[in-house]
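Enquirer: Could you have a look at this structure, given as structure tokens, before my questions?
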Amino acid sequence: MKLNLNIQPLESWFDNGGKPIIISGPCSAETEEQLLETARLVKETGKVNILRAGIWKPRTRPGEFEGIGVEGLVWLDKAKKETGLPTAVEVATAKHVEEALAAGVDILWIGARSTVNPFTVQEIADALQGVDVPVLVKNPINPDLSLWIGALERINRAGITKLAAIHRGFSSFEKSAYRNEPMWDLAIQLKTLAPELPIFNDPSHICGARELIPHIAQTAIDLDMQGLMIEAHRDPSVAWTDAKQQVTPAKLAEIIDNLTLRHSDSDNSEFTDKLANLRNSIDRVDDLILQKIGERMALVQKIGEYKRDNDVTILQVNRWEEILEKRMTLANALKLDKDFVEKFLEMIHNESIRKQTEIMNTSKSEVN
Ligand code: PEP
Ligand code: MN
């Protein structure tokens with residue numbers, strides 16, 4: 001399945017010569033001084049393409065700083081005039097859309113807490129009817145690809161063709177080093193469903209801690225994401241929101257300098273040949289893996305029939321433990337990741353059980 005989005009190529013509305021687009025600026029606009037100084041420092045790095053600032057902040061608890069509001073839009077416009085950087089803000093209501101557009105904001109984004117709610121997304125989409133402005137849609141808080149897709153579709157159907165997604169990680173019950181689990185596979189699935197849709201990455205909200213940002217930013221670049229949104233503040237230690245994850249503009253420059261940029265294609269024929277050879281080898285190995293899984297399932301079929309004919313239960317716990325132990329010793333010797341192999345074997349085992357259950361439910365005569 002492919003998504004049916006009508007979008008313009010990224011280069012047609014933001015041409016950065018094929019380099020990742022860097023969006024940076026404070027989590028929140030706090031004071032005129034803070035915003036203008038941060039904007040100046042960010043501009044001076046020479047590495048930032050778009051200036052961001054949160055004007056309306058979705059906060060978990062009431063009473064926390066909920067954003068400076070429209071007043072901040074005036075400062076943002078000043079920052080834009082001074083630095084020449086186009087600006088981006090988060091919008092969560094029709095009123096935000098109107099106020100941001102009236103104040104000359106160049107790019108709008110929809111935050112993770114809005115993407116989860118189709119009513120909110122539709123309200124924003126309705127306010128965008130007939131407007132020609134780029135819109136970036138962050139993934140929803142929860143790991144639900146359909147909600148993300150639904151939001152992109154709603155905005156696209158309102159006529160927004162300068163559209164991109166922002167991967168900012170997903171809330172997870174399990175504790176981890178990250179504020180929001182990257183769950184890269186969801187972003188990859190989106191890319192597969194809509195190859196023409198640009199996807200940016202937001203390492204700041206994935207990490208929640210500035211030390212982790214370089215690693216996530218590099219992974220995003222390695223996955224061919226077209227941009228990064230990284231929060232920067234003139235003095236992160238005193239930031240009113242997301243203090244732990246913001247970096248100084250100097251640190252931002254260092255992070256960007258240290259990124260290894262890769263190309264998804266190359267004109268170099270030696271490289272292309274080598275890549276084609278490696279891909280052929282991978283294709284062959286994948287075929288072998290599938291053939292072997294087919295062979296294994298044929299054996300499972302036989303065992304299932306045998307167990308059924310002899311009235312033996314499907315699952316013998318000892319046998320499964322023995323399988324796991326033997327395979328893990330081999331996996332370890334092959335230097336394969338333990339978690340990966342365990343998950344892989346468990347999937348195969350579950351499929352074997354499913355197949356045998358099916359066989360158990362056929363009568364002896366049906367098969368013979
Ligand atoms: C933000 O960008 O400051 C923000 C609130 O992000 P998210 O919607 O990803 O939480
Ligand atoms: Mn933030």
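We name chains A, B, ... following the order of the structure tokens; residues begin at 1 in each chain, and ligands are numbered from 1 as shown.
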Find the residues around region 254-256 of chain A up to 9 Å (only C-alpha atoms counted), leave out those fewer than 3 positions away in its own chain, and share them as a PyMOL selection string.

Expert: chain A and resi 22+47+213-214+217+249-251+259-260

Enquirer: Taking 5 positions as the minimum chain separation for residues in the same chain, which residues sit within 10 Å of Gly84 (chain A) when counting only C-alpha atoms? Answer as number ranges by chain.

Expert: A: 43, 49-51, 77-79

Enquirer: Okay, now the selection with all heavy atoms, as a CSV table (one decimal), in the first residue's frame?

Expert:
```
chain,number,residue,atom,x,y,z
A,43,LYS,N,22.2,32.1,14.3
A,43,LYS,CA,22.5,32.6,13.0
A,43,LYS,C,24.0,32.6,12.8
A,43,LYS,O,24.5,32.2,11.7
A,43,LYS,CB,21.9,34.0,12.8
A,43,LYS,CG,22.3,34.7,11.6
A,43,LYS,CD,21.8,34.1,10.3
A,43,LYS,CE,22.4,34.8,9.1
A,43,LYS,NZ,21.8,34.3,7.8
A,49,ASN,N,19.1,26.8,9.3
A,49,ASN,CA,18.3,27.2,8.1
A,49,ASN,C,17.0,27.9,8.6
A,49,ASN,O,16.4,28.7,7.8
A,49,ASN,CB,18.0,26.1,7.2
A,49,ASN,CG,19.2,25.3,6.8
A,49,ASN,OD1,19.5,24.2,7.3
A,49,ASN,ND2,20.0,26.0,5.9
A,50,ILE,N,16.4,27.4,9.7
A,50,ILE,CA,15.1,27.9,10.1
A,50,ILE,C,15.2,28.1,11.6
A,50,ILE,O,15.7,27.3,12.4
A,50,ILE,CB,14.0,26.9,9.8
A,50,ILE,CG1,14.0,26.6,8.2
A,50,ILE,CG2,12.7,27.3,10.3
A,50,ILE,CD1,13.2,25.4,7.8
A,51,LEU,N,14.6,29.3,12.0
A,51,LEU,CA,14.5,29.6,13.5
A,51,LEU,C,13.2,29.1,14.1
A,51,LEU,O,12.1,29.5,13.6
A,51,LEU,CB,14.6,31.1,13.6
A,51,LEU,CG,14.6,31.6,15.1
A,51,LEU,CD1,15.7,31.2,15.9
A,51,LEU,CD2,14.5,33.2,15.1
A,77,ASP,N,9.2,38.0,14.8
A,77,ASP,CA,9.3,38.7,13.5
A,77,ASP,C,10.6,39.6,13.5
A,77,ASP,O,11.2,39.8,12.5
A,77,ASP,CB,8.0,39.5,13.4
A,77,ASP,CG,7.9,40.1,11.9
A,77,ASP,OD1,8.2,39.3,11.0
A,77,ASP,OD2,7.7,41.3,11.8
A,78,LYS,N,10.9,40.2,14.7
A,78,LYS,CA,12.1,41.0,14.8
A,78,LYS,C,13.3,40.2,14.5
A,78,LYS,O,14.2,40.5,13.8
A,78,LYS,CB,12.2,41.6,16.2
A,78,LYS,CG,11.6,42.9,16.4
A,78,LYS,CD,12.1,43.5,17.7
A,78,LYS,CE,11.3,44.8,18.1
A,78,LYS,NZ,11.6,45.2,19.5
A,79,ALA,N,13.3,39.0,15.2
A,79,ALA,CA,14.5,38.1,15.0
A,79,ALA,C,14.6,37.7,13.5
A,79,ALA,O,15.7,37.6,13.0
A,79,ALA,CB,14.2,36.8,15.9
```

Enquirer: Among region 199-308 of chain A, which ones does DSSP place in alpha helix (DSSP H), written as an MDAnalysis selection string?

Expert: chainID A and resid 203:207 213:222 249:257 269:308

Enquirer: For Ile23 (chain A), which of A:Met229, A:Leu36, A:Gly150, A:Gln189 is the closest residue, counting only C-alpha atoms?

Expert: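 Residue with the minimum atom-to-atom distance to Ile23 (chain A): A:Met229.
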
Enquirer: At a cut-off of 9 Å around ligand 2, and using only C-alpha atoms and all ligand atoms, what residues come up? Please write them as an MDAnalysis selection string.

Expert: chainID A and resid 26:28 53:54 57 204:205 208 231 241:243 245:246

Enquirer: Kindly indicate which residue among A:Leu5, A:Ile206, A:Ala125, A:Ile107 lies nearest to ligand 1, using only C-alpha atoms and all ligand atoms for the distances.

Expert: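 Ranked by minimum distance to ligand 1, first place goes to A:Ile206.
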
Enquirer: With a cut-off of 10 Å, could you pull out the residues of chain A touching ligand 1 and give me the nearest pair of atoms for each, distance in Å to one decimal, using only C-alpha atoms and all ligand atoms, ordered by chain and ascending number, as a Markdown table?

Expert:
```
| residue | atom | partner | partner_atom_place_in_ligand_line | distance |
| --- | --- | --- | --- | --- |
| A:Gly25 | CA | ligand 1 | 3 (O) | 9.8 |
| A:Pro26 | CA | ligand 1 | 3 (O) | 8.1 |
| A:Cys27 | CA | ligand 1 | 3 (O) | 4.7 |
| A:Ser28 | CA | ligand 1 | 3 (O) | 6.8 |
| A:Arg52 | CA | ligand 1 | 2 (O) | 8.4 |
| A:Ala53 | CA | ligand 1 | 3 (O) | 7.6 |
| A:Gly54 | CA | ligand 1 | 3 (O) | 5.8 |
| A:Ile55 | CA | ligand 1 | 3 (O) | 9.2 |
| A:Trp56 | CA | ligand 1 | 5 (C) | 8.8 |
| A:Lys57 | CA | ligand 1 | 5 (C) | 6.3 |
| A:Pro58 | CA | ligand 1 | 5 (C) | 6.3 |
| A:Arg59 | CA | ligand 1 | 5 (C) | 8.2 |
| A:Val89 | CA | ligand 1 | 2 (O) | 8.4 |
| A:Glu90 | CA | ligand 1 | 2 (O) | 7.1 |
| A:Val91 | CA | ligand 1 | 8 (O) | 9.9 |
| A:Ala92 | CA | ligand 1 | 8 (O) | 9.8 |
| A:Trp109 | CA | ligand 1 | 2 (O) | 8.5 |
| A:Ile110 | CA | ligand 1 | 8 (O) | 7.0 |
| A:Gly111 | CA | ligand 1 | 8 (O) | 3.4 |
| A:Ala112 | CA | ligand 1 | 8 (O) | 3.8 |
| A:Arg113 | CA | ligand 1 | 8 (O) | 5.8 |
| A:Ser114 | CA | ligand 1 | 8 (O) | 7.6 |
| A:Thr115 | CA | ligand 1 | 8 (O) | 8.5 |
| A:Val137 | CA | ligand 1 | 8 (O) | 9.2 |
| A:Lys138 | CA | ligand 1 | 9 (O) | 6.2 |
| A:Asn139 | CA | ligand 1 | 9 (O) | 7.5 |
| A:Pro140 | CA | ligand 1 | 8 (O) | 8.1 |
| A:Ile141 | CA | ligand 1 | 10 (O) | 7.6 |
| A:Ile166 | CA | ligand 1 | 9 (O) | 8.3 |
| A:His167 | CA | ligand 1 | 9 (O) | 8.2 |
| A:Arg168 | CA | ligand 1 | 9 (O) | 5.3 |
| A:Gly169 | CA | ligand 1 | 9 (O) | 7.8 |
| A:Phe170 | CA | ligand 1 | 9 (O) | 9.1 |
| A:Asn180 | CA | ligand 1 | 9 (O) | 9.2 |
| A:Asp202 | CA | ligand 1 | 9 (O) | 7.4 |
| A:Pro203 | CA | ligand 1 | 9 (O) | 9.7 |
| A:Ser204 | CA | ligand 1 | 2 (O) | 8.4 |
| A:His205 | CA | ligand 1 | 9 (O) | 5.7 |
| A:Ile206 | CA | ligand 1 | 9 (O) | 8.2 |
| A:Met229 | CA | ligand 1 | 2 (O) | 8.2 |
| A:Ile230 | CA | ligand 1 | 2 (O) | 8.8 |
| A:Glu231 | CA | ligand 1 | 3 (O) | 7.8 |
| A:Thr241 | CA | ligand 1 | 3 (O) | 8.3 |
| A:Asp242 | CA | ligand 1 | 3 (O) | 7.8 |
```

Enquirer: Of the candidates A:Gln122, A:Ser363, A:Thr31, A:Ser266, which shows the shortest atom-to-atom distance to Gly72 (chain A), using only C-alpha atoms?

Expert: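 The closest residue to Gly72 (chain A) is A:Thr31.
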
Enquirer: Apply DSSP to the structure's backbone, then extract all residues of region 169-342 of chain A labelled strand (DSSP E or B) and return them as a PyMOL selection string.

Expert: chain A and resi 170+181+199-201+227-232+247

Enquirer: Could you tell me how far CA of Ile359 (chain A) lies from CA of Glu342 (chain A), in Å and to one decimal?

Expert: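 Separation of CA of Ile359 (chain A) and CA of Glu342 (chain A): 25.6 Å.
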
Enquirer: Find the residue from A:Ala253, A:Ala333, A:Ala187, A:Leu10 that sits nearest to Pro134 (chain A); use only C-alpha atoms when measuring.

Expert: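 Nearest candidate to Pro134 (chain A) out of A:Ala253, A:Ala333, A:Ala187, A:Leu10: A:Leu10.
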
Enquirer: Give me the residues near Leu197 (chain A) as a tab-separated table (two decimals) with all heavy atoms, in the first residue's frame, where near means some atom within 9 Å (using only C-alpha atoms) and where sequence neighbours in that chain fewer than 3 positions away do not count.

Expert:
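The result, written out as selection-v1.tsv:
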```
chain	number	residue	atom	x	y	z
A	5	LEU	N	-0.66	10.97	-1.13
A	5	LEU	CA	-0.46	12.36	-0.71
A	5	LEU	C	-0.07	13.19	-1.93
A	5	LEU	O	0.72	12.73	-2.76
A	5	LEU	CB	0.66	12.46	0.34
A	5	LEU	CG	0.43	11.79	1.69
A	5	LEU	CD1	1.69	11.87	2.54
A	5	LEU	CD2	-0.75	12.43	2.42
A	7	ILE	N	2.01	16.02	-2.69
A	7	ILE	CA	2.94	16.96	-2.09
A	7	ILE	C	4.03	17.42	-3.07
A	7	ILE	O	4.35	16.73	-4.02
A	7	ILE	CB	3.60	16.40	-0.81
A	7	ILE	CG1	4.42	15.16	-1.11
A	7	ILE	CG2	2.59	16.11	0.25
A	7	ILE	CD1	5.20	14.72	0.10
A	8	GLN	N	4.56	18.58	-2.77
A	8	GLN	CA	5.64	19.13	-3.61
A	8	GLN	C	6.98	18.64	-3.07
A	8	GLN	O	7.15	18.52	-1.86
A	8	GLN	CB	5.65	20.65	-3.52
A	8	GLN	CG	4.39	21.32	-4.02
A	8	GLN	CD	4.55	22.84	-4.00
A	8	GLN	OE1	5.58	23.37	-4.40
A	8	GLN	NE2	3.53	23.53	-3.53
A	9	PRO	N	7.94	18.37	-3.97
A	9	PRO	CA	9.25	17.94	-3.48
A	9	PRO	C	9.85	19.01	-2.56
A	9	PRO	O	9.64	20.21	-2.77
A	9	PRO	CB	10.10	17.82	-4.76
A	9	PRO	CG	9.18	18.00	-5.91
A	9	PRO	CD	7.87	18.51	-5.42
A	10	LEU	N	10.57	18.55	-1.57
A	10	LEU	CA	11.17	19.44	-0.57
A	10	LEU	C	12.00	20.56	-1.22
A	10	LEU	O	11.92	21.73	-0.83
A	10	LEU	CB	12.04	18.61	0.39
A	10	LEU	CG	12.77	19.34	1.48
A	10	LEU	CD1	11.80	20.06	2.41
A	10	LEU	CD2	13.63	18.37	2.30
A	163	LEU	N	4.59	19.80	2.64
A	163	LEU	CA	4.31	19.00	3.83
A	163	LEU	C	5.51	18.14	4.19
A	163	LEU	O	6.19	17.61	3.31
A	163	LEU	CB	3.10	18.11	3.49
A	163	LEU	CG	2.40	17.36	4.60
A	163	LEU	CD1	1.78	18.33	5.60
A	163	LEU	CD2	1.31	16.46	4.00
A	164	ALA	N	5.78	18.01	5.48
A	164	ALA	CA	6.83	17.09	5.94
A	164	ALA	C	6.43	16.53	7.29
A	164	ALA	O	5.55	17.09	7.98
A	164	ALA	CB	8.17	17.82	6.05
A	165	ALA	N	7.04	15.42	7.67
A	165	ALA	CA	6.78	14.82	8.97
A	165	ALA	C	7.98	15.07	9.88
A	165	ALA	O	9.10	15.24	9.40
A	165	ALA	CB	6.55	13.32	8.80
A	190	LEU	N	6.66	4.78	7.70
A	190	LEU	CA	6.05	5.96	7.06
A	190	LEU	C	6.77	6.27	5.75
A	190	LEU	O	6.15	6.56	4.74
A	190	LEU	CB	6.11	7.16	8.02
A	190	LEU	CG	5.50	8.45	7.47
A	190	LEU	CD1	4.01	8.29	7.21
A	190	LEU	CD2	5.74	9.63	8.42
A	191	LYS	N	8.10	6.18	5.79
A	191	LYS	CA	8.92	6.46	4.59
A	191	LYS	C	8.56	5.47	3.48
A	191	LYS	O	8.49	5.82	2.30
A	191	LYS	CB	10.40	6.32	4.99
A	191	LYS	CG	11.38	6.68	3.92
A	191	LYS	CD	11.85	8.10	4.10
A	191	LYS	CE	12.24	8.75	2.80
A	191	LYS	NZ	11.83	10.12	2.66
A	194	ALA	N	5.12	6.42	2.08
A	194	ALA	CA	5.09	7.71	1.36
A	194	ALA	C	6.53	8.15	1.09
A	194	ALA	O	7.05	9.03	1.76
A	194	ALA	CB	4.36	8.75	2.19
```

Enquirer: Looking at A:Ala331, A:Leu290, A:Met347, A:Leu315, which one is nearest to Met360 (chain A), with distances taken over only C-alpha atoms?

Expert: A:Leu315

Enquirer: Under the rule that only C-alpha atoms are counted, which of A:Trp148, A:Trp320, A:Trp13, A:Phe340 is the nearest residue to Asp132 (chain A)?

Expert: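 Ranked by minimum distance to Asp132 (chain A), first place goes to A:Trp13.
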